[in-house]
$ cat model25.cif   # mmCIF, C-alpha atoms
data_protein
#
loop_
_atom_site.label_atom_id
_atom_site.label_comp_id
_atom_site.auth_asym_id
_atom_site.auth_seq_id
_atom_site.Cartn_x
_atom_site.Cartn_y
_atom_site.Cartn_z
CA MET D 197 0.00 0.00 0.00
CA LYS D 198 1.30 3.44 -0.94
CA ALA D 199 2.28 5.75 1.90
CA ASP D 200 0.38 8.98 2.38
CA PHE D 201 1.90 11.86 0.38
CA TYR D 202 1.64 14.28 3.31
CA GLU D 203 3.39 11.79 5.60
CA MET D 204 6.12 11.28 2.99
CA LEU D 205 6.91 14.99 3.06
CA GLY D 206 6.41 15.31 6.82
CA VAL D 207 3.76 18.06 6.59
CA ASP D 208 0.16 18.49 7.74
CA LYS D 209 -2.76 18.19 5.33
CA GLY D 210 -3.31 21.93 5.48
CA ALA D 211 0.32 22.81 4.72
CA SER D 212 0.89 25.86 2.54
CA GLU D 213 2.71 25.82 -0.79
CA LYS D 214 5.71 27.38 0.95
CA ASP D 215 5.76 24.63 3.60
CA LEU D 216 5.50 21.95 0.92
CA LYS D 217 8.41 23.39 -1.00
CA ALA D 218 10.57 23.72 2.11
CA ALA D 219 9.84 20.12 3.17
CA PHE D 220 10.63 18.82 -0.31
CA ARG D 221 13.89 20.78 -0.52
CA LYS D 222 15.06 19.31 2.76
CA LEU D 223 14.23 15.72 1.81
CA ALA D 224 15.61 16.08 -1.72
CA MET D 225 18.95 17.18 -0.29
CA GLN D 226 19.07 14.07 1.89
CA CYS D 227 17.92 11.49 -0.66
CA HIS D 228 19.37 12.72 -3.93
CA PRO D 229 21.06 9.79 -5.77
CA ASP D 230 24.16 11.82 -6.53
CA ARG D 231 24.68 12.16 -2.79
CA ASN D 232 23.91 8.49 -2.18
CA PRO D 233 25.62 6.59 -5.03
CA GLY D 234 24.61 2.95 -5.24
CA ASP D 235 21.92 3.31 -2.56
CA ALA D 236 18.75 1.80 -4.04
CA ASP D 237 16.65 2.83 -1.03
CA ALA D 238 17.69 6.46 -1.41
CA GLU D 239 16.84 6.36 -5.12
CA ARG D 240 13.42 4.85 -4.39
CA ARG D 241 12.79 7.38 -1.65
CA PHE D 242 13.79 10.22 -3.97
CA LYS D 243 11.25 9.05 -6.56
CA GLU D 244 8.53 8.83 -3.94
CA ILE D 245 9.01 12.30 -2.49
CA ASN D 246 9.16 13.76 -5.99
CA GLU D 247 5.87 12.06 -6.86
CA ALA D 248 4.34 13.38 -3.64
CA TYR D 249 5.53 16.92 -4.22
CA GLU D 250 4.51 16.98 -7.91
CA THR D 251 1.01 15.93 -6.86
CA LEU D 252 0.51 18.24 -3.89
CA LYS D 253 2.00 21.38 -5.45
CA ASP D 254 -0.65 21.26 -8.20
CA PRO D 255 -3.95 22.64 -6.79
CA GLN D 256 -6.16 20.40 -8.97
CA LYS D 257 -4.18 17.26 -8.29
CA ARG D 258 -4.05 18.08 -4.59
CA ALA D 259 -7.81 18.57 -4.42
CA ALA D 260 -8.36 15.23 -6.13
CA TYR D 261 -5.87 13.51 -3.83
CA ASP D 262 -7.46 15.01 -0.72
CA ARG D 263 -10.85 13.64 -1.82
CA PHE D 264 -10.01 10.26 -3.33
CA GLY D 265 -6.46 9.50 -2.17
CA HIS D 266 -4.21 7.48 -4.49
CA ALA D 267 -7.29 6.17 -6.32
CA ALA D 268 -7.61 9.56 -8.00
CA PHE D 269 -4.60 8.76 -10.18
CA GLU D 270 -5.18 5.09 -10.88
CA ASN D 271 -6.30 3.92 -14.32
CA GLY D 272 -5.02 7.11 -15.90
CA GLY D 273 -6.98 9.47 -13.67
CA MET D 274 -5.64 13.07 -13.67
CA GLY D 275 -2.91 11.99 -16.06
CA GLY D 276 -0.98 10.06 -13.41
CA GLY D 277 0.74 11.20 -10.30
CA GLY D 278 3.72 12.71 -12.05
CA ALA D 279 6.13 10.00 -10.94
CA GLY D 280 8.52 10.66 -13.83
CA PHE D 281 10.61 13.77 -14.40
CA ALA D 282 9.73 14.42 -18.02
CA GLY D 283 7.10 17.16 -18.10
CA ALA D 284 7.55 18.04 -14.42
CA GLY D 285 7.82 21.74 -15.14
CA GLY D 286 7.98 23.02 -11.58
CA PHE D 287 10.55 20.47 -10.51
CA ALA D 288 13.29 21.82 -12.76
CA ASP D 289 13.11 25.20 -11.03
CA ILE D 290 13.28 23.85 -7.50
CA PHE D 291 15.99 21.39 -8.51
CA GLU D 292 18.07 24.27 -9.80
CA ASP D 293 17.53 26.13 -6.51
CA ILE D 294 18.80 23.17 -4.49
CA PHE D 295 21.56 21.88 -6.72
CA GLY D 296 22.57 25.08 -8.54
CA GLU D 297 26.26 24.32 -8.30
CA MET D 298 25.78 20.83 -9.73
CA MET D 299 23.87 22.33 -12.66
CA GLY D 300 26.58 24.68 -13.81
CA GLY D 301 26.37 27.56 -11.32
CA GLY D 302 28.63 30.49 -11.99
CA ARG D 303 27.74 33.82 -13.53
CA ARG D 304 24.55 33.85 -15.57
CA ARG D 305 24.79 35.09 -19.11
CA SER D 306 22.13 36.88 -21.07
CA SER D 307 21.10 35.85 -24.55
CA GLY D 308 23.82 36.40 -27.10
CA GLY D 309 26.56 35.65 -24.57
CA ARG D 310 26.58 39.20 -23.16
CA GLU D 311 28.26 38.98 -19.78
CA ARG D 312 28.85 41.80 -17.32
CA GLY D 313 32.49 42.67 -16.75
CA ALA D 314 34.18 42.28 -13.38
CA ASP D 315 34.41 45.10 -10.85
CA LEU D 316 37.90 46.50 -10.28
CA ARG D 317 39.62 47.95 -7.21
CA TYR D 318 42.17 50.77 -7.15
CA ASN D 319 44.00 51.80 -3.97
CA MET D 320 44.85 55.50 -3.70
CA GLU D 321 46.79 57.28 -0.96
CA ILE D 322 46.38 61.02 -0.44
CA THR D 323 47.84 63.50 2.06
CA LEU D 324 45.88 65.13 4.86
CA GLU D 325 46.25 68.44 3.04
CA GLU D 326 44.64 66.91 -0.06
CA ALA D 327 41.83 65.52 2.06
CA PHE D 328 41.36 69.01 3.53
CA ASN D 329 41.27 70.88 0.22
CA GLY D 330 39.95 68.19 -2.12
CA LYS D 331 41.50 67.55 -5.51
CA THR D 332 41.04 66.12 -8.96
CA ALA D 333 43.38 63.16 -9.35
CA GLN D 334 44.51 61.50 -12.56
CA ILE D 335 44.92 57.73 -12.30
CA HIS D 336 46.00 55.06 -14.78
CA VAL D 337 44.14 51.78 -14.57
CA PRO D 338 45.09 48.64 -16.54
CA SER D 339 41.78 47.10 -17.53
CA SER D 340 39.91 45.14 -20.16
CA ILE D 341 38.09 47.40 -22.59
CA THR D 342 35.76 46.64 -25.50
CA CYS D 343 37.68 45.68 -28.63
CA ASN D 344 37.22 48.43 -31.21
CA GLU D 345 38.01 46.05 -34.06
CA CYS D 346 34.96 43.85 -33.54
CA THR D 347 32.95 46.27 -31.31
CA GLY D 348 32.83 43.61 -28.62
CA THR D 349 31.26 40.76 -30.62
CA GLY D 350 34.46 38.71 -30.71
CA ALA D 351 33.85 37.91 -34.38
CA LYS D 352 36.05 38.96 -37.24
CA ALA D 353 34.95 42.16 -38.99
CA GLY D 354 32.21 41.35 -41.50
CA THR D 355 31.08 38.22 -39.65
CA GLN D 356 28.75 37.54 -36.74
CA PRO D 357 28.60 34.92 -33.96
CA VAL D 358 26.35 31.97 -34.81
CA THR D 359 23.91 30.03 -32.68
CA CYS D 360 25.54 27.11 -30.87
CA THR D 361 24.52 23.84 -32.48
CA MET D 362 25.06 21.89 -29.27
CA CYS D 363 22.53 23.77 -27.11
CA GLY D 364 20.52 25.57 -29.77
CA GLY D 365 21.37 28.93 -28.24
CA ALA D 366 20.10 28.08 -24.75
CA GLY D 367 23.55 27.95 -23.19
CA ARG D 368 22.58 24.80 -21.26
CA VAL D 369 22.18 21.16 -22.21
CA ARG D 370 20.31 18.29 -20.62
CA ALA D 371 22.06 15.10 -19.62
CA GLN D 372 20.44 11.82 -18.51
CA THR D 373 21.67 10.56 -15.14
CA GLY D 374 20.74 7.34 -13.43
CA GLY D 375 18.31 6.50 -16.20
CA PHE D 376 15.29 8.15 -14.52
CA PHE D 377 15.75 11.91 -14.68
CA SER D 378 17.66 14.58 -16.56
CA ILE D 379 19.88 17.37 -15.32
CA GLU D 380 20.84 20.65 -16.95
CA ARG D 381 24.47 21.68 -17.27
CA THR D 382 26.34 24.55 -18.88
CA CYS D 383 26.92 23.85 -22.54
CA PRO D 384 30.54 22.66 -22.96
CA THR D 385 30.76 24.02 -26.52
CA CYS D 386 29.74 27.65 -26.02
CA HIS D 387 30.34 27.74 -22.22
CA GLY D 388 26.86 29.09 -21.59
CA ARG D 389 26.99 31.92 -24.12
CA GLY D 390 24.55 30.33 -26.60
CA GLN D 391 26.75 31.38 -29.50
CA THR D 392 30.00 30.31 -31.07
CA ILE D 393 32.44 32.19 -33.28
CA LYS D 394 33.72 30.59 -36.46
CA ASP D 395 36.04 33.44 -37.45
CA PRO D 396 37.40 35.11 -34.27
CA CYS D 397 38.60 38.70 -34.28
CA PRO D 398 42.40 38.70 -34.70
CA LYS D 399 42.88 41.62 -32.31
CA CYS D 400 41.04 40.17 -29.28
CA ASP D 401 41.17 36.47 -30.26
CA GLY D 402 37.40 36.22 -30.02
CA GLN D 403 37.08 37.59 -26.51
CA GLY D 404 35.47 40.87 -27.50
CA ARG D 405 37.80 42.84 -25.22
CA VAL D 406 41.47 43.73 -24.95
CA THR D 407 43.67 44.87 -22.05
CA GLU D 408 44.84 48.47 -22.10
CA GLU D 409 45.83 51.14 -19.60
CA ARG D 410 43.24 53.87 -19.25
CA ALA D 411 43.63 57.37 -17.80
CA LEU D 412 40.75 58.43 -15.56
CA SER D 413 39.96 61.62 -13.69
CA VAL D 414 38.77 61.16 -10.09
CA ASN D 415 37.16 63.93 -8.05
CA ILE D 416 38.24 63.84 -4.38
CA PRO D 417 35.80 66.02 -2.37
CA ALA D 418 37.09 68.21 0.46
CA GLY D 419 36.77 66.57 3.87
CA ILE D 420 36.94 62.99 2.60
CA GLU D 421 37.87 60.48 5.31
CA ASP D 422 40.35 57.63 5.45
CA GLY D 423 38.81 54.38 4.17
CA THR D 424 36.22 56.06 1.94
CA ARG D 425 35.23 54.11 -1.17
CA ILE D 426 34.46 55.95 -4.41
CA ARG D 427 32.48 54.11 -7.08
CA LEU D 428 32.94 54.93 -10.77
CA SER D 429 30.04 53.26 -12.55
CA GLY D 430 30.92 51.44 -15.78
CA GLU D 431 34.66 52.05 -15.43
CA GLY D 432 35.52 48.46 -14.50
CA GLU D 433 36.33 45.56 -16.78
CA ALA D 434 34.51 45.51 -20.12
CA GLY D 435 31.81 42.86 -20.48
CA ALA D 436 32.35 39.81 -22.65
CA ARG D 437 30.87 39.88 -26.13
CA GLY D 438 29.67 43.47 -25.77
CA GLY D 439 28.17 42.99 -22.31
CA PRO D 440 27.94 45.86 -19.81
CA SER D 441 31.11 46.95 -18.04
CA GLY D 442 31.71 46.45 -14.33
CA ASP D 443 32.41 49.25 -11.88
CA LEU D 444 35.68 50.69 -10.59
CA TYR D 445 35.98 51.11 -6.82
CA ILE D 446 38.64 53.48 -5.51
CA PHE D 447 39.65 52.87 -1.90
CA LEU D 448 41.18 55.96 -0.31
CA SER D 449 43.71 56.03 2.50
CA VAL D 450 45.07 59.21 4.09
CA SER D 451 48.78 59.11 4.90
CA PRO D 452 49.91 60.00 8.45
CA HIS D 453 50.67 63.68 9.01
CA GLU D 454 53.75 65.11 10.71
CA PHE D 455 51.79 67.32 13.13
CA PHE D 456 48.07 66.54 13.03
CA GLN D 457 45.93 63.53 13.83
CA ARG D 458 42.35 63.39 12.67
CA GLU D 459 39.22 62.16 14.45
CA ALA D 460 36.09 62.75 12.34
CA GLU D 461 35.97 66.50 11.64
CA ASN D 462 38.43 67.51 14.39
CA LEU D 463 42.20 67.77 14.22
CA TYR D 464 44.51 67.12 17.17
CA CYS D 465 48.02 68.39 17.74
CA THR D 466 50.52 68.13 20.62
CA ALA D 467 52.64 71.26 21.23
CA PRO D 468 55.62 71.25 23.65
CA ILE D 469 56.03 74.36 25.80
CA SER D 470 58.78 75.31 28.23
CA MET D 471 58.38 75.04 31.97
CA THR D 472 58.70 78.80 32.32
CA THR D 473 55.98 79.44 29.73
CA ALA D 474 53.70 77.02 31.55
CA ALA D 475 54.44 78.75 34.89
CA LEU D 476 54.48 82.37 33.79
CA GLY D 477 52.11 82.21 30.82
CA GLY D 478 52.78 83.20 27.25
CA SER D 479 51.71 82.32 23.72
CA PHE D 480 52.83 80.47 20.60
CA GLU D 481 51.70 80.14 16.98
CA VAL D 482 50.68 77.00 15.10
CA ALA D 483 50.19 76.63 11.36
CA THR D 484 46.82 75.21 10.21
CA LEU D 485 45.76 73.28 7.13
CA ASP D 486 44.00 76.28 5.62
CA GLY D 487 47.37 78.01 5.18
CA THR D 488 47.08 80.45 8.08
CA GLN D 489 48.65 80.67 11.53
CA THR D 490 46.77 80.70 14.80
CA ARG D 491 48.07 82.18 18.07
CA VAL D 492 47.37 80.16 21.19
CA LYS D 493 47.49 81.99 24.54
CA ILE D 494 48.86 80.07 27.54
CA PRO D 495 47.64 81.26 30.96
CA GLU D 496 50.08 81.17 33.87
CA GLY D 497 50.09 77.96 35.86
CA THR D 498 49.17 75.78 32.84
CA GLN D 499 49.52 72.10 33.67
CA ASN D 500 50.94 69.39 31.43
CA GLY D 501 48.31 67.84 29.13
CA ARG D 502 45.91 70.81 29.14
CA LYS D 503 43.93 71.13 25.90
CA PHE D 504 43.07 74.30 24.01
CA ARG D 505 40.33 74.36 21.36
CA VAL D 506 40.63 76.56 18.26
CA LYS D 507 37.22 76.86 16.62
CA GLY D 508 36.85 76.33 12.87
CA LYS D 509 40.42 75.19 12.24
CA GLY D 510 39.70 71.48 11.84
CA MET D 511 38.58 69.48 8.78
CA PRO D 512 35.65 70.42 6.54
CA VAL D 513 32.70 68.05 6.69
CA MET D 514 32.25 66.45 3.28
CA ARG D 515 29.45 68.03 1.24
CA GLN D 516 28.32 70.16 4.20
CA ASN D 517 28.93 73.75 5.18
CA MET D 518 30.63 72.75 8.42
CA VAL D 519 34.22 72.76 9.70
CA GLY D 520 35.60 71.00 12.75
CA ASP D 521 37.96 72.35 15.42
CA LEU D 522 41.66 72.12 16.14
CA ILE D 523 42.46 70.76 19.61
CA ILE D 524 45.97 71.51 20.84
CA GLN D 525 47.33 69.63 23.84
CA VAL D 526 50.37 71.13 25.55
CA ALA D 527 53.26 69.05 26.83
CA VAL D 528 55.34 70.86 29.46
CA GLU D 529 59.01 70.21 28.78
CA THR D 530 61.38 69.67 31.69
CA PRO D 531 64.65 71.62 31.26
CA GLN D 532 67.72 69.57 30.32
CA ASN D 533 71.49 70.21 30.19
CA LEU D 534 71.34 72.92 32.86
CA SER D 535 74.20 75.33 33.30
CA ARG D 536 75.61 75.98 36.80
CA ARG D 537 73.77 79.27 37.04
CA GLN D 538 70.46 77.73 35.90
CA ARG D 539 70.83 75.02 38.50
CA GLU D 540 71.54 77.58 41.23
CA LEU D 541 68.45 79.57 40.29
CA LEU D 542 66.26 76.46 40.30
CA GLU D 543 67.61 75.40 43.69
CA GLU D 544 66.90 78.86 45.04
CA PHE D 545 63.40 78.73 43.56
CA ASP D 546 62.83 75.37 45.21
CA LYS D 547 63.82 76.81 48.62
CA LEU D 548 61.39 79.68 48.15
CA SER D 549 58.55 77.44 46.98
CA SER D 550 55.54 76.69 49.16
CA THR D 551 52.65 74.25 49.05
CA GLU D 552 50.67 76.83 47.12
CA ASN D 553 53.11 76.63 44.22
CA SER D 554 52.55 72.87 43.77
CA PRO D 555 49.08 72.08 45.20
CA GLN D 556 48.60 68.84 43.29
CA SER D 557 51.84 67.17 44.36
CA THR D 558 51.49 68.47 47.93
CA GLY D 559 47.94 67.16 48.18
CA PHE D 560 48.88 63.81 46.70
CA PHE D 561 51.75 63.11 49.10
CA ASN D 562 49.70 64.28 52.10
CA ARG D 563 46.98 61.78 51.17
CA MET D 564 49.58 59.09 50.62
CA LYS D 565 51.02 59.78 54.08
CA ASP D 566 47.57 59.49 55.69
CA PHE D 567 46.99 56.23 53.84
CA PHE D 568 50.25 54.74 55.12
CA GLU D 569 49.65 55.82 58.72
CA SER D 570 46.21 54.18 58.65
CA PHE D 571 47.95 50.78 58.64
CA GLY D 572 49.58 51.58 61.95
CA ASN D 573 46.22 52.39 63.52
#
$ encode --input "model25.cif" --output "structure tokens"
Amino acid sequence: MKADFYEMLGVDKGASEKDLKAAFRKLAMQCHPDRNPGDADAERRFKEINEAYETLKDPQKRAAYDRFGHAAFENGGMGGGGAGFAGAGGFADIFEDIFGEMMGGGRRRSSGGRERGADLRYNMEITLEEAFNGKTAQIHVPSSITCNECTGTGAKAGTQPVTCTMCGGAGRVRAQTGGFFSIERTCPTCHGRGQTIKDPCPKCDGQGRVTEERALSVNIPAGIEDGTRIRLSGEGEAGARGGPSGDLYIFLSVSPHEFFQREAENLYCTAPISMTTAALGGSFEVATLDGTQTRVKIPEGTQNGRKFRVKGKGMPVMRQNMVGDLIIQVAVETPQNLSRRQRELLEEFDKLSSTENSPQSTGFFNRMKDFFESFGN
């Protein structure tokens, strides 16, 4: 007695078309003969689940099966249960979904063998100044371009590609496997293009494209950031047999700068100042990326690591009317290579110093002393 079709697929009687397809895909992966060579049970099981799916996916056949069971297809009723693969129109599509790689896979080609060209990558390094101002860069890219001799057809001038006799222009051929079903594969003669060339173009050897170095102009907008990708549509590799070209992607990197570090729209800079400037106050000038100089005032008693913000002297924000800031961090420099007189003056200064001159260090060591004495208590 034949098993119930719903039980074969492991679904309820009210299962949707989506549930049926998912159940069939799962079982087909498990039982496919190519995955179970020499296993007669797997082959039988594969036939059964295909018959079940071919019946239940058809609304009319399913309605008849739900009412009369297997008897609906006996004695020629409903044209049979679809046990074979010939004429199983929906099965070819789902089979290609599951076993796409086995059926040729790869890049699909349109009629006439037109195939999109590959995308290309170009790495470009610019300076921080160029990122600040923007620029128009000229680059040279070795790439495949459409052959001007045959205008991309691959055929010798005056001739045209002809329809492949092996596949009839379909680009795919059917092969019988196991004696009970057929499988589609990429045509070995035209390699999926559907056409062959009897007289290839001598310049491109029938490829429809040649390799040349092209000069391109690239617009770098002001404020562009490190790691930005610029896409130039249609500037990649030319398509085969006159197909559309791929795209060119330019990956930008900004080289390290001698003075400035960038974080988003802000620039950072570390400026060393003398101990006397930090103590007595003063000022210094820094050059900025816009070609001007900015004076930074240092108040007396400035501590090491203090930051000063200069508004509007950072990086422009790309395609916006905004500019970041310049943040300058001071590093107080300890005097070195002291002369005898300098040492004497510093020693005298130290004798005259009080806790008010160095409140941070005085406070720290007082707290440290209290902490140590707490152990004794």
$ resolve_selection --input "model25.cif" --expression "the PyMOL selection byres ((chain D and resi 472) around 12)" --output "list in words"
Pro468, Ile469, Ser470, Met471, Thr473, Ala474, Ala475, Leu476, Gly477, Gly478, Ser479, Ile494, Pro495, Glu496, Gly497, Thr498, Gln499, Val528, Glu529, Thr530, Pro531 and Leu542 of chain D
$ resolve_selection --input "model25.cif" --expression "the PyMOL selection byres ((chain D and resi 415) around 9)" --output "PyMOL selection string"
chain D and resi 330-334+413-414+416-417
$ residues_around --input "model25.cif" --residues "Thr490 of chain D" --least-positions-apart "2" --cutoff "9 Å" --atoms "only C-alpha atoms" --output "ChimeraX atom specification"
/D:480-484,488,492,506,509
$ residues_around --input "model25.cif" --residues "segment 423-437 of chain D" --least-positions-apart "6" --cutoff "6 Å" --atoms "all atoms listed in the file" --output "list in words"
Arg310, Glu311, Arg312, Gly313, Ala314, Asp315, Leu316, Ser339, Ser340, Ile341, Thr342, Gly348, Thr349, Gly350, Gly404, Asp443, Leu444, Tyr445, Ile446, Phe447, Leu448 and Ser449 of chain D
$ atom_distance --input "model25.cif" --atom1 "atom CA of Ala211 of chain D" --atom2 "atom CA of Lys243 of chain D"
20.9 Å
$ atom_distance --input "model25.cif" --atom1 "atom CA of Arg536 of chain D" --atom2 "atom CA of Pro555 of chain D"
28.1 Å
$ atom_distance --input "model25.cif" --atom1 "atom CA of Val337 of chain D" --atom2 "atom CA of Arg458 of chain D"
29.7 Å
$ resolve_selection --input "model25.cif" --expression "the PyMOL selection byres ((chain D and resi 409) around 6)" --output "VMD selection string"
chain D and resid 337 to 338 408 410
$ write_last_selection --input "model25.cif" --atoms "C-alpha atoms" --output "short mmCIF file (atom, residue, chain, number, x, y, z; two decimals), keeping the file's coordinate frame"
data_model
loop_
_atom_site.label_atom_id
_atom_site.label_comp_id
_atom_site.auth_asym_id
_atom_site.auth_seq_id
_atom_site.Cartn_x
_atom_site.Cartn_y
_atom_site.Cartn_z
CA VAL D 337 44.14 51.78 -14.57
CA PRO D 338 45.09 48.64 -16.54
CA GLU D 408 44.84 48.47 -22.10
CA ARG D 410 43.24 53.87 -19.25
#
$ closest_atom_pairs --input "model25.cif" --of "segment 442-542 of chain D" --to "segment 325-329 of chain D" --cutoff "12 Å" --atoms "all atoms listed in the file" --output "Markdown table"
| residue | atom | partner | partner_atom | distance |
| --- | --- | --- | --- | --- |
| D:Leu448 | CA | D:Ala327 | CA | 9.9 |
| D:Ser449 | CA | D:Ala327 | CA | 9.7 |
| D:Val450 | CA | D:Ala327 | CA | 7.4 |
| D:Ser451 | CA | D:Glu325 | CA | 9.8 |
| D:Pro452 | CA | D:Glu325 | CA | 10.7 |
| D:His453 | CA | D:Glu325 | CA | 8.8 |
| D:Glu454 | CA | D:Glu325 | CA | 11.2 |
| D:Phe455 | CA | D:Glu325 | CA | 11.6 |
| D:Phe456 | CA | D:Glu325 | CA | 10.3 |
| D:Gln457 | CA | D:Glu325 | CA | 11.9 |
| D:Arg458 | CA | D:Phe328 | CA | 10.8 |
| D:Glu461 | CA | D:Phe328 | CA | 10.1 |
| D:Asn462 | CA | D:Phe328 | CA | 11.3 |
| D:Leu463 | CA | D:Phe328 | CA | 10.8 |
| D:Thr484 | CA | D:Glu325 | CA | 9.9 |
| D:Leu485 | CA | D:Glu325 | CA | 6.4 |
| D:Asp486 | CA | D:Phe328 | CA | 8.0 |
| D:Gly487 | CA | D:Glu325 | CA | 9.9 |
| D:Lys509 | CA | D:Phe328 | CA | 10.7 |
| D:Gly510 | CA | D:Phe328 | CA | 8.8 |
| D:Met511 | CA | D:Phe328 | CA | 6.0 |
| D:Pro512 | CA | D:Phe328 | CA | 6.6 |
| D:Val513 | CA | D:Phe328 | CA | 9.3 |
| D:Met514 | CA | D:Phe328 | CA | 9.5 |
| D:Val519 | CA | D:Phe328 | CA | 10.2 |
| D:Gly520 | CA | D:Phe328 | CA | 11.1 |
$ residues_around --input "model25.cif" --residues "Gln391 of chain D" --least-positions-apart "5" --cutoff "10 Å" --atoms "only C-alpha atoms" --output "list of chain:residue names"
D:Ser307, D:Gly308, D:Gly309, D:Gln356, D:Pro357, D:Val358, D:Thr359, D:Cys360, D:Thr361, D:Met362, D:Cys363, D:Gly364, D:Gly365, D:Ala366, D:Gly367, D:Thr385, D:Cys386
$ axis_aligned_box --input "model25.cif" --around "segment 317-326 of chain D" --padding-each-side "4 Å" --output "lines of an AutoDock Vina configuration file"
center_x = 43.7
center_y = 58.2
center_z = -1.2
size_x = 16.2
size_y = 28.5
size_z = 20.1
$ residues_around --input "model25.cif" --residues "Lys217 of chain D" --least-positions-apart "2" --cutoff "10 Å" --atoms "all atoms listed in the file" --output "number ranges by chain"
D: 205, 211-215, 219-222, 249, 252-253, 290
$ write_last_selection --input "model25.cif" --atoms "C-alpha atoms" --output "PDB file, keeping the file's coordinate frame"
ATOM      1  CA  LEU D 205       6.910  14.990   3.060  1.00  0.00           C
ATOM      2  CA  ALA D 211       0.320  22.810   4.720  1.00  0.00           C
ATOM      3  CA  SER D 212       0.890  25.860   2.540  1.00  0.00           C
ATOM      4  CA  GLU D 213       2.710  25.820  -0.790  1.00  0.00           C
ATOM      5  CA  LYS D 214       5.710  27.380   0.950  1.00  0.00           C
ATOM      6  CA  ASP D 215       5.760  24.630   3.600  1.00  0.00           C
ATOM      7  CA  ALA D 219       9.840  20.120   3.170  1.00  0.00           C
ATOM      8  CA  PHE D 220      10.630  18.820  -0.310  1.00  0.00           C
ATOM      9  CA  ARG D 221      13.890  20.780  -0.520  1.00  0.00           C
ATOM     10  CA  LYS D 222      15.060  19.310   2.760  1.00  0.00           C
ATOM     11  CA  TYR D 249       5.530  16.920  -4.220  1.00  0.00           C
ATOM     12  CA  LEU D 252       0.510  18.240  -3.890  1.00  0.00           C
ATOM     13  CA  LYS D 253       2.000  21.380  -5.450  1.00  0.00           C
ATOM     14  CA  ILE D 290      13.280  23.850  -7.500  1.00  0.00           C
TER      15      ILE D 290
END
$ residues_around --input "model25.cif" --residues "Val526 of chain D" --least-positions-apart "6" --cutoff "8 Å" --atoms "all atoms listed in the file" --output "PyMOL selection string"
chain D and resi 466-469+500-503
$ write_last_selection --input "model25.cif" --atoms "C-alpha atoms" --output "CSV table (one decimal), keeping the file's coordinate frame"
chain,number,residue,atom,x,y,z
D,466,THR,CA,50.5,68.1,20.6
D,467,ALA,CA,52.6,71.3,21.2
D,468,PRO,CA,55.6,71.2,23.6
D,469,ILE,CA,56.0,74.4,25.8
D,500,ASN,CA,50.9,69.4,31.4
D,501,GLY,CA,48.3,67.8,29.1
D,502,ARG,CA,45.9,70.8,29.1
D,503,LYS,CA,43.9,71.1,25.9
$ decode --input "model25.cif" --residues "segment 552-560 of chain D" --atoms "N, CA, C and O atoms" --output "PDB file, in the first residue's frame"
ATOM      1  N   GLU D 552      51.569  76.167  48.050  1.00  0.00           N
ATOM      2  CA  GLU D 552      50.666  76.827  47.118  1.00  0.00           C
ATOM      3  C   GLU D 552      51.200  76.815  45.697  1.00  0.00           C
ATOM      4  O   GLU D 552      50.438  76.934  44.737  1.00  0.00           O
ATOM      5  N   ASN D 553      52.530  76.670  45.560  1.00  0.00           N
ATOM      6  CA  ASN D 553      53.109  76.630  44.223  1.00  0.00           C
ATOM      7  C   ASN D 553      52.869  75.287  43.536  1.00  0.00           C
ATOM      8  O   ASN D 553      52.809  75.235  42.303  1.00  0.00           O
ATOM      9  N   SER D 554      52.754  74.223  44.324  1.00  0.00           N
ATOM     10  CA  SER D 554      52.553  72.872  43.765  1.00  0.00           C
ATOM     11  C   SER D 554      51.425  72.177  44.533  1.00  0.00           C
ATOM     12  O   SER D 554      51.675  71.216  45.281  1.00  0.00           O
ATOM     13  N   PRO D 555      50.181  72.637  44.391  1.00  0.00           N
ATOM     14  CA  PRO D 555      49.084  72.078  45.197  1.00  0.00           C
ATOM     15  C   PRO D 555      48.779  70.620  44.884  1.00  0.00           C
ATOM     16  O   PRO D 555      48.399  69.852  45.776  1.00  0.00           O
ATOM     17  N   GLN D 556      48.940  70.219  43.638  1.00  0.00           N
ATOM     18  CA  GLN D 556      48.603  68.843  43.287  1.00  0.00           C
ATOM     19  C   GLN D 556      49.573  67.847  43.929  1.00  0.00           C
ATOM     20  O   GLN D 556      49.157  66.856  44.536  1.00  0.00           O
ATOM     21  N   SER D 557      50.872  68.104  43.782  1.00  0.00           N
ATOM     22  CA  SER D 557      51.842  67.170  44.362  1.00  0.00           C
ATOM     23  C   SER D 557      51.777  67.197  45.883  1.00  0.00           C
ATOM     24  O   SER D 557      51.884  66.152  46.545  1.00  0.00           O
ATOM     25  N   THR D 558      51.591  68.386  46.473  1.00  0.00           N
ATOM     26  CA  THR D 558      51.487  68.474  47.933  1.00  0.00           C
ATOM     27  C   THR D 558      50.286  67.700  48.430  1.00  0.00           C
ATOM     28  O   THR D 558      50.371  66.923  49.397  1.00  0.00           O
ATOM     29  N   GLY D 559      49.149  67.881  47.771  1.00  0.00           N
ATOM     30  CA  GLY D 559      47.942  67.163  48.181  1.00  0.00           C
ATOM     31  C   GLY D 559      48.081  65.661  48.017  1.00  0.00           C
ATOM     32  O   GLY D 559      47.625  64.886  48.865  1.00  0.00           O
ATOM     33  N   PHE D 560      48.727  65.238  46.945  1.00  0.00           N
ATOM     34  CA  PHE D 560      48.883  63.811  46.697  1.00  0.00           C
ATOM     35  C   PHE D 560      49.722  63.152  47.798  1.00  0.00           C
ATOM     36  O   PHE D 560      49.347  62.124  48.361  1.00  0.00           O
TER      37      PHE D 560
END
